[in-house]
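Engineer: Sharing a structure, written as structure tokens. Questions coming.
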Amino acid sequence: MDRWGLCEINVLKSTWRSWILPHPTLDPVRVAEMAVLWPMAQLLRPKGLYLIPAASVSRGGFGLLVLSPFNIEGELRALIHAGYNVVGQRWTAVREDAGRIELLQMPGQIERESSPRVRDATLGPASRWVDLTSEHCGIVQPHAYCDAVLVVEPGRRPTAHVNEVADQRATDAIRRAWPITELHPFRKHGQLPMKLAQSCRTWQAQLSRRSDDLLVLLDSIRSPACTAMITLPSSASLSAPPAMRIAS
């Protein structure tokens, strides 16, 4: 409450009210998420529609949901330049459709990776939030079926790698990385992590400081036959082409 305000949710009436402090410590985008999107997500979840603060992309019929604890603006830009379409750059709507998990587009903005410099002293600093869909024409995809879930581990490392997890390990990995606090998460309508693990391939990833590394990893895991751990060279070797080593 001391950071932005207070929210009251009436689950029986499917309504909510939010009170915002005159001078919250959170920036306006995060205040809007806490005051509007978070309570809306709690009320829509029992109706079968899930609002998740996670990015999602698609290319060539392959849909990917990315659960990352840190900003991946650089990776999203690299994917866009490689031909991926954006379903959700910060929030994604998810629902079950005939046994498959469908990703639905949500408008929004993503935080810049670094603090922007002042462009004009008379206009003040540039915004710390950017809408990638307004910068790149035609990259918005209204919906896609989710084929894989990428669970990103906290922190960046010199070497990027991914390995596939399945069965209960996949469910546990998605639950640990679930990006939103939910009311009554263990009720029937709170089982989306388990449904994702059962319907999609789940990969655990460690990202490096090179945003292009995620593109190389995704090109590898899109292969249905790929079940090994994929490791890329150290990000210190910036002059080397992006080769990969597959360990059984």
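Letters A, B, ... mark the chains of the structure tokens in the order given; residue numbers begin at 1 per chain; ligand numbers begin at 1, in order shown.
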Considering only alpha helix (DSSP H) as DSSP defines it on the backbone, what residues of stretch 120-207 of chain A qualify? List them as a PyMOL selection string.
Structural biologist: chain A and resi 132-135+167-176+192-199
Engineer: If you keep C-alpha atoms, can you produce a file of those selected residues as a compact mmCIF listing (two decimals), in the first residue's frame?
Structural biologist:
```
# COMPACT_ATOMS: atom_id res chain seq x y z
CA LEU A 132 7.80 -2.28 -29.76
CA THR A 133 4.68 -2.81 -31.85
CA SER A 134 4.58 0.90 -32.70
CA GLU A 135 8.24 0.88 -33.72
CA ASP A 167 6.39 -34.32 -16.43
CA GLN A 168 6.40 -33.15 -12.80
CA ARG A 169 9.68 -31.28 -13.22
CA ALA A 170 8.07 -29.15 -15.91
CA THR A 171 5.09 -28.34 -13.69
CA ASP A 172 7.37 -27.45 -10.77
CA ALA A 173 9.56 -25.24 -12.96
CA ILE A 174 6.57 -23.29 -14.29
CA ARG A 175 5.06 -22.91 -10.83
CA ARG A 176 8.33 -21.56 -9.39
CA LEU A 192 -2.84 -23.31 -15.65
CA PRO A 193 0.83 -24.13 -14.84
CA MET A 194 -0.01 -27.84 -14.83
CA LYS A 195 -1.98 -27.53 -18.09
CA LEU A 196 0.91 -25.70 -19.72
CA ALA A 197 3.34 -28.42 -18.65
CA GLN A 198 1.03 -31.12 -20.02
CA SER A 199 0.22 -29.38 -23.33
```
Engineer: Give the strand (DSSP E) residues of stretch 33-82 of chain A, as assigned by DSSP on the backbone, as a list of chain:residue names.
Structural biologist: A:Leu49, A:Tyr50, A:Leu51, A:Ile52, A:Ala55, A:Ser56, A:Val57, A:Ser58, A:Arg59, A:Phe62, A:Gly63, A:Leu64, A:Leu65, A:Val66, A:Leu67
Engineer: Find the residues near A:Val57: any atom within 7 Å, counting only C-alpha atoms, skip ones fewer than 3 places away on the same chain, and give them as number ranges by chain.
Structural biologist: A: 63-65, 84-88
Engineer: Got time to write the residues from that selection, N, CA and C atoms, as a compact mmCIF listing (two decimals), in the first residue's frame?
Structural biologist:
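In the end it all went to selection-v1.txt:
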```
# COMPACT_ATOMS: atom_id res chain seq x y z
N GLY A 63 4.40 -21.16 -31.38
CA GLY A 63 4.11 -20.16 -30.35
C GLY A 63 4.90 -20.42 -29.09
N LEU A 64 5.43 -19.36 -28.49
CA LEU A 64 6.29 -19.46 -27.31
C LEU A 64 5.85 -18.48 -26.24
N LEU A 65 5.73 -18.98 -25.00
CA LEU A 65 5.46 -18.14 -23.84
C LEU A 65 6.73 -18.07 -23.02
N TYR A 84 10.07 -12.92 -36.01
CA TYR A 84 9.05 -13.33 -35.05
C TYR A 84 7.99 -12.23 -34.93
N ASN A 85 6.75 -12.64 -34.71
CA ASN A 85 5.67 -11.72 -34.41
C ASN A 85 5.44 -11.68 -32.91
N VAL A 86 4.93 -10.56 -32.43
CA VAL A 86 4.71 -10.38 -31.00
C VAL A 86 3.23 -10.58 -30.69
N VAL A 87 2.95 -11.51 -29.80
CA VAL A 87 1.59 -11.68 -29.28
C VAL A 87 1.41 -10.78 -28.06
N GLY A 88 2.34 -10.84 -27.13
CA GLY A 88 2.34 -9.95 -25.96
C GLY A 88 3.76 -9.60 -25.60
```
Engineer: Report as a list of chain:residue names all protein, DNA and RNA residues lying within 12 Å of A:Asp27, evaluated on only C-alpha atoms, omitting residues in the same chain fewer than 2 positions from it.
Structural biologist: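 Non-adjacent residues within range: A:Arg3, A:Trp4, A:Ile20, A:Leu21, A:His23, A:Pro24, A:Thr25, A:Val29, A:Arg30, A:Val31, A:Ala32, A:Glu33, A:Met34, A:Glu111, A:Ser127, A:Arg128, A:Trp129.
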Engineer: Determine the nearest neighbour of A:Ala41 from the options A:Ser58, A:Thr92, A:Gln191, A:Gln109, counting only C-alpha atoms.
Structural biologist: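 Closest residue, counting only C-alpha atoms: A:Thr92.
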Engineer: Name the residues in contact with A:His161 at a cut-off of 9 Å, using only C-alpha atoms, excluding same-chain residues fewer than 2 positions from it; report them as a ChimeraX atom specification.
Structural biologist: /A:159,163,204-208,213-214,217,229-232
Engineer: Would you save the residues from that selection as a short mmCIF file (atom, residue, chain, number, x, y, z; two decimals), in the first residue's frame, using all heavy atoms?
Structural biologist:
```cif
data_model
loop_
_atom_site.label_atom_id
_atom_site.label_comp_id
_atom_site.auth_asym_id
_atom_site.auth_seq_id
_atom_site.Cartn_x
_atom_site.Cartn_y
_atom_site.Cartn_z
N THR A 159 27.49 -17.60 -20.34
CA THR A 159 27.10 -18.62 -21.31
C THR A 159 25.60 -18.83 -21.26
O THR A 159 25.02 -18.95 -20.18
CB THR A 159 27.81 -19.95 -21.02
OG1 THR A 159 29.22 -19.75 -21.07
CG2 THR A 159 27.43 -21.00 -22.06
N ASN A 163 17.77 -26.41 -21.37
CA ASN A 163 17.56 -27.86 -21.30
C ASN A 163 16.08 -28.12 -21.07
O ASN A 163 15.40 -27.36 -20.38
CB ASN A 163 18.41 -28.50 -20.20
CG ASN A 163 18.00 -28.02 -18.82
OD1 ASN A 163 18.26 -26.88 -18.45
ND2 ASN A 163 17.36 -28.89 -18.05
N GLN A 204 13.99 -24.90 -19.61
CA GLN A 204 14.61 -23.99 -18.65
C GLN A 204 15.83 -23.36 -19.31
O GLN A 204 16.66 -24.08 -19.89
CB GLN A 204 15.03 -24.74 -17.38
CG GLN A 204 13.87 -25.10 -16.48
CD GLN A 204 14.32 -25.76 -15.19
OE1 GLN A 204 15.01 -26.78 -15.21
NE2 GLN A 204 13.95 -25.18 -14.07
N ALA A 205 15.92 -22.05 -19.22
CA ALA A 205 16.98 -21.34 -19.94
C ALA A 205 17.78 -20.45 -19.00
O ALA A 205 17.24 -19.90 -18.04
CB ALA A 205 16.38 -20.49 -21.07
N GLN A 206 19.05 -20.34 -19.32
CA GLN A 206 19.92 -19.35 -18.68
C GLN A 206 20.39 -18.42 -19.78
O GLN A 206 21.05 -18.85 -20.73
CB GLN A 206 21.12 -20.04 -18.03
CG GLN A 206 22.03 -19.08 -17.28
CD GLN A 206 21.39 -18.57 -16.00
OE1 GLN A 206 21.23 -19.32 -15.06
NE2 GLN A 206 21.07 -17.28 -15.98
N LEU A 207 20.01 -17.15 -19.71
CA LEU A 207 20.37 -16.20 -20.76
C LEU A 207 21.69 -15.53 -20.45
O LEU A 207 22.09 -15.38 -19.30
CB LEU A 207 19.28 -15.14 -20.90
CG LEU A 207 17.89 -15.65 -21.32
CD1 LEU A 207 16.95 -14.47 -21.54
CD2 LEU A 207 17.98 -16.50 -22.58
N SER A 208 22.38 -15.13 -21.53
CA SER A 208 23.64 -14.43 -21.41
C SER A 208 23.40 -12.93 -21.60
O SER A 208 22.26 -12.48 -21.66
CB SER A 208 24.63 -14.94 -22.45
OG SER A 208 24.21 -14.56 -23.75
N ASP A 213 21.59 -14.45 -28.47
CA ASP A 213 21.73 -15.86 -28.08
C ASP A 213 20.37 -16.55 -27.98
O ASP A 213 20.25 -17.74 -28.29
CB ASP A 213 22.47 -15.97 -26.74
CG ASP A 213 23.98 -15.80 -26.92
OD1 ASP A 213 24.43 -15.78 -28.08
OD2 ASP A 213 24.69 -15.69 -25.91
N LEU A 214 19.35 -15.85 -27.52
CA LEU A 214 18.03 -16.47 -27.40
C LEU A 214 17.52 -16.91 -28.76
O LEU A 214 16.89 -17.96 -28.88
CB LEU A 214 17.04 -15.50 -26.75
CG LEU A 214 15.61 -16.02 -26.61
CD1 LEU A 214 15.57 -17.31 -25.78
CD2 LEU A 214 14.71 -14.96 -25.99
N LEU A 217 19.08 -20.20 -29.60
CA LEU A 217 18.51 -21.27 -28.79
C LEU A 217 17.13 -21.66 -29.31
O LEU A 217 16.79 -22.85 -29.38
CB LEU A 217 18.42 -20.84 -27.33
CG LEU A 217 19.76 -20.59 -26.61
CD1 LEU A 217 19.50 -20.07 -25.20
CD2 LEU A 217 20.60 -21.84 -26.57
N MET A 229 20.41 -30.81 -23.97
CA MET A 229 20.74 -29.50 -23.45
C MET A 229 21.58 -28.77 -24.50
O MET A 229 22.51 -29.35 -25.06
CB MET A 229 21.54 -29.61 -22.15
CG MET A 229 21.88 -28.25 -21.55
SD MET A 229 22.76 -28.35 -19.98
CE MET A 229 24.36 -28.92 -20.55
N ILE A 230 21.26 -27.53 -24.76
CA ILE A 230 21.94 -26.74 -25.78
C ILE A 230 22.71 -25.63 -25.09
O ILE A 230 22.14 -24.87 -24.30
CB ILE A 230 20.94 -26.15 -26.78
CG1 ILE A 230 20.09 -27.27 -27.38
CG2 ILE A 230 21.65 -25.37 -27.87
CD1 ILE A 230 18.89 -26.77 -28.13
N THR A 231 24.01 -25.53 -25.38
CA THR A 231 24.86 -24.54 -24.76
C THR A 231 25.54 -23.72 -25.83
O THR A 231 26.05 -24.26 -26.81
CB THR A 231 25.93 -25.21 -23.88
OG1 THR A 231 25.29 -26.03 -22.90
CG2 THR A 231 26.78 -24.16 -23.17
N LEU A 232 25.55 -22.39 -25.65
CA LEU A 232 26.21 -21.50 -26.58
C LEU A 232 27.55 -21.08 -26.03
O LEU A 232 27.81 -21.19 -24.83
CB LEU A 232 25.34 -20.26 -26.83
CG LEU A 232 23.97 -20.51 -27.44
CD1 LEU A 232 23.30 -19.18 -27.75
CD2 LEU A 232 24.07 -21.34 -28.70
#
```
Engineer: Have a look at atom CA of A:Ser56 and atom CA of A:Trp91 and let me know their distance in Å, one decimal.
Structural biologist: 8.2 Å
